[in-house]
Amino acid sequence: MKKRQLLLLILAAAVLGFLVYLQVQHWRTFDWEKFVDQTEDVHWTKVVIGVLLIYLADGLRALRWAIFLKPVRKVPARDLVGTQFIGFTGLALLGRLGELLRPYLIARKLNLSFSSQLAVWTVERIFDFAAVTLLTSLALFSSRSVKHLEHYQQLPIAGILLILLVLLGTVIAYLIRRYTALIASAAERIFHRFPAIGRSLAGKVTAFGEGLNTISDVRSFFGCAGISLSIWILVSLTYLLITHAYPRPLHSLTWTHAVLLMFFSVAGGVLQLPVVGGGSQFMTITALTYFYLIPNEMAVSCGILLWLATFMSVIPLGLIYAHFEHVSFRQLTRASQKAEESLAG
């Protein structure tokens with residue numbers, strides 16, 4: 001393991017350790033009988049509908065990826081649906097090792113370079129982050145119900161920082177798209193004493209610039225933006241359905257509450273440890289207890305169920321697609337390890 005990877009691992013472990021500490025403080029009086037009772041009272045029909053919405057959102061990702069591919073190849077969105085489900089299944093089963101499976105699978109299926117699809121994946125992440133930020137900002141600054149949350153005064157600052165981060169990212173993306181070769185060349189000159197680092201950085205800038213060129217016109221841009229918003233609205237509705245599958249006080253949460261809870265979960269996902277994960281669940285449970293004042297037992301039950309519905313529920317469908325498309329997860333594990341090593345290098 002390289003020093004940089006080890007440092008990131010230690011940092012993620014420290015953050016997760018702090019979250020665990022917060023939960024332990026809450027769980028000193030944890031009542032497992034209440035936990036079982038809360039889980040038994042779940043309205044499972046709403047959970048199933050929520051899972052179906054997640055499937056629909058993943059299907060929309062195939063449509064968005066097809067739009068990204070338009071400048072190099074016209075591909076029907078239905079041909080990419082299987083790779084989306086297989087890729088997310090790999091992510092659920094393998095953790096961080098499965099992060100790069102979707103671009104790898106699409107590159108292999110369409111006989112395209114992995115770097116080109118990695119660039120598309122990077123642009124996809126930008127659209128996702130922007131969509132989540134827009135919905136979160138809407139929830140923070142336009143919802144009266146959210147303003148009644150405990151410790152609400154801490155949240156608008158985070159919302160403003162998110163908006164500034166998206167604007168900064170947009171400016172950087174625009175500059176890289178317009179001046180790709182110039183910026184790549186500058187990176188090599190700056191790190192001329194460390195040629196390996198300079199070449200690696202220049203290659204990543206070039207790949208990112210190529211990925212930005214996948215947005216061929218204004219119509220494609222607004223199409224991808226609309227699909228991205230639709231994806232995360234569907235995900236937020238899943239959060240709403242699952243919280244409403246429980247009795248009060250979770251049943252009384254509004255859609256904007258669900259959007260904010262979704263943001264906490266996404267933010268926690270960034271802190272996941274390689275392979276084992278954990279950040280998303282801890283952040284969701286912490287948010288439910290700290291901001292929403294949900295009883296510990298109900299918060300834990302809901303946090304686990306949200307994780308299963310939004311993250312793990314893809315596994316059955318992904319395994320079915322993998323069977324029909326003759327995909328081996330054992331081989332994909334080795335391929336994803338090589339891809340991660342090439343990316344880190």
# chains A, B, ... in the order shown; residues from 1 in each chain; ligands from 1
$ select_by_dssp --residues "segment 23-269 of chain A" --states "helix (DSSP H, G or I)" --output "PyMOL selection string"
chain A and resi 23-27+32-40+44-69+78-98+101-110+114-142+146-148+152-178+180-190+195-212+218-244+250-252+255-269
$ residues_around --residues "Asp37 of chain A" --least-positions-apart "6" --cutoff "12 Å" --atoms "only C-alpha atoms" --output "PyMOL selection string"
chain A and resi 31+246-247+297-298+301
$ residues_around --residues "Tyr179 of chain A" --least-positions-apart "6" --cutoff "12 Å" --atoms "only C-alpha atoms" --output "PyMOL selection string"
chain A and resi 172-173+185-186+205-206+208-210+212-213
$ write_last_selection --atoms "C-alpha atoms" --output "PDB file, in the first residue's frame"
ATOM      1  CA  ILE A 172     -12.180  24.642 -12.968  1.00  0.00           C
ATOM      2  CA  ALA A 173     -13.984  22.209 -15.277  1.00  0.00           C
ATOM      3  CA  SER A 185       1.846  20.930 -20.191  1.00  0.00           C
ATOM      4  CA  ALA A 186       2.034  23.315 -17.223  1.00  0.00           C
ATOM      5  CA  VAL A 205      -5.842  16.364 -16.737  1.00  0.00           C
ATOM      6  CA  THR A 206      -5.972  15.175 -20.357  1.00  0.00           C
ATOM      7  CA  PHE A 208     -10.593  14.728 -17.566  1.00  0.00           C
ATOM      8  CA  GLY A 209     -10.582  17.219 -20.440  1.00  0.00           C
ATOM      9  CA  GLU A 210     -11.572  14.441 -22.835  1.00  0.00           C
ATOM     10  CA  LEU A 212     -15.735  17.034 -20.511  1.00  0.00           C
ATOM     11  CA  ASN A 213     -15.835  16.878 -24.294  1.00  0.00           C
TER      12      ASN A 213
END
$ residues_around --residues "segment 156-164 of chain A" --least-positions-apart "2" --cutoff "10 Å" --atoms "only C-alpha atoms" --output "PDB file with C-alpha atoms, in the first residue's frame"
ATOM      1  CA  PHE A 129     -22.671  16.226  -6.898  1.00  0.00           C
ATOM      2  CA  ALA A 130     -24.225  19.302  -8.485  1.00  0.00           C
ATOM      3  CA  VAL A 132     -27.406  16.722  -4.744  1.00  0.00           C
ATOM      4  CA  THR A 133     -26.112  20.204  -3.889  1.00  0.00           C
ATOM      5  CA  LEU A 134     -29.017  21.891  -5.696  1.00  0.00           C
ATOM      6  CA  THR A 136     -29.890  20.177  -0.559  1.00  0.00           C
ATOM      7  CA  SER A 137     -29.736  23.963  -0.996  1.00  0.00           C
ATOM      8  CA  LEU A 138     -33.415  23.983  -1.889  1.00  0.00           C
ATOM      9  CA  ALA A 139     -34.207  22.049   1.275  1.00  0.00           C
ATOM     10  CA  LEU A 140     -32.039  24.264   3.473  1.00  0.00           C
ATOM     11  CA  PHE A 141     -33.107  27.681   2.251  1.00  0.00           C
ATOM     12  CA  LYS A 147     -35.688  25.260   9.839  1.00  0.00           C
ATOM     13  CA  TYR A 152     -30.411  24.000  12.215  1.00  0.00           C
ATOM     14  CA  GLN A 153     -28.169  27.077  12.576  1.00  0.00           C
ATOM     15  CA  GLN A 154     -25.159  24.874  11.746  1.00  0.00           C
ATOM     16  CA  VAL A 166     -19.897  23.560  -7.018  1.00  0.00           C
ATOM     17  CA  LEU A 167     -19.261  26.996  -8.552  1.00  0.00           C
ATOM     18  CA  LEU A 168     -15.509  26.563  -8.095  1.00  0.00           C
ATOM     19  CA  GLY A 169     -15.677  23.101  -9.621  1.00  0.00           C
ATOM     20  CA  THR A 170     -17.657  24.461 -12.577  1.00  0.00           C
TER      21      THR A 170
END
$ closest_residue --among "A:Val72, A:Ala187, A:Leu165, A:Ala207" --to "Thr122 of chain A" --atoms "only C-alpha atoms"
A:Ala207
$ residues_around --residues "segment 280-289 of chain A" --least-positions-apart "5" --cutoff "6 Å" --atoms "only C-alpha atoms" --output "count of residues only"
8
$ closest_atom_pairs --of "segment 75-147 of chain A" --to "segment 43-58 of chain A" --cutoff "10 Å" --atoms "only C-alpha atoms" --output "tab-separated table"
residue	atom	partner	partner_atom	distance
A:Val81	CA	A:Asp58	CA	7.7
A:Gly82	CA	A:Asp58	CA	9.8
A:Gln84	CA	A:Asp58	CA	6.6
A:Phe85	CA	A:Asp58	CA	7.1
A:Phe88	CA	A:Asp58	CA	8.7
$ write_last_selection --atoms "C-alpha atoms" --output "PDB file, in the first residue's frame"
ATOM      1  CA  VAL A  81     -28.581  -0.929 -18.240  1.00  0.00           C
ATOM      2  CA  GLY A  82     -26.948  -4.260 -17.394  1.00  0.00           C
ATOM      3  CA  GLN A  84     -24.997  -0.176 -14.454  1.00  0.00           C
ATOM      4  CA  PHE A  85     -26.578  -2.858 -12.280  1.00  0.00           C
ATOM      5  CA  PHE A  88     -23.306  -1.155  -8.593  1.00  0.00           C
TER       6      PHE A  88
END
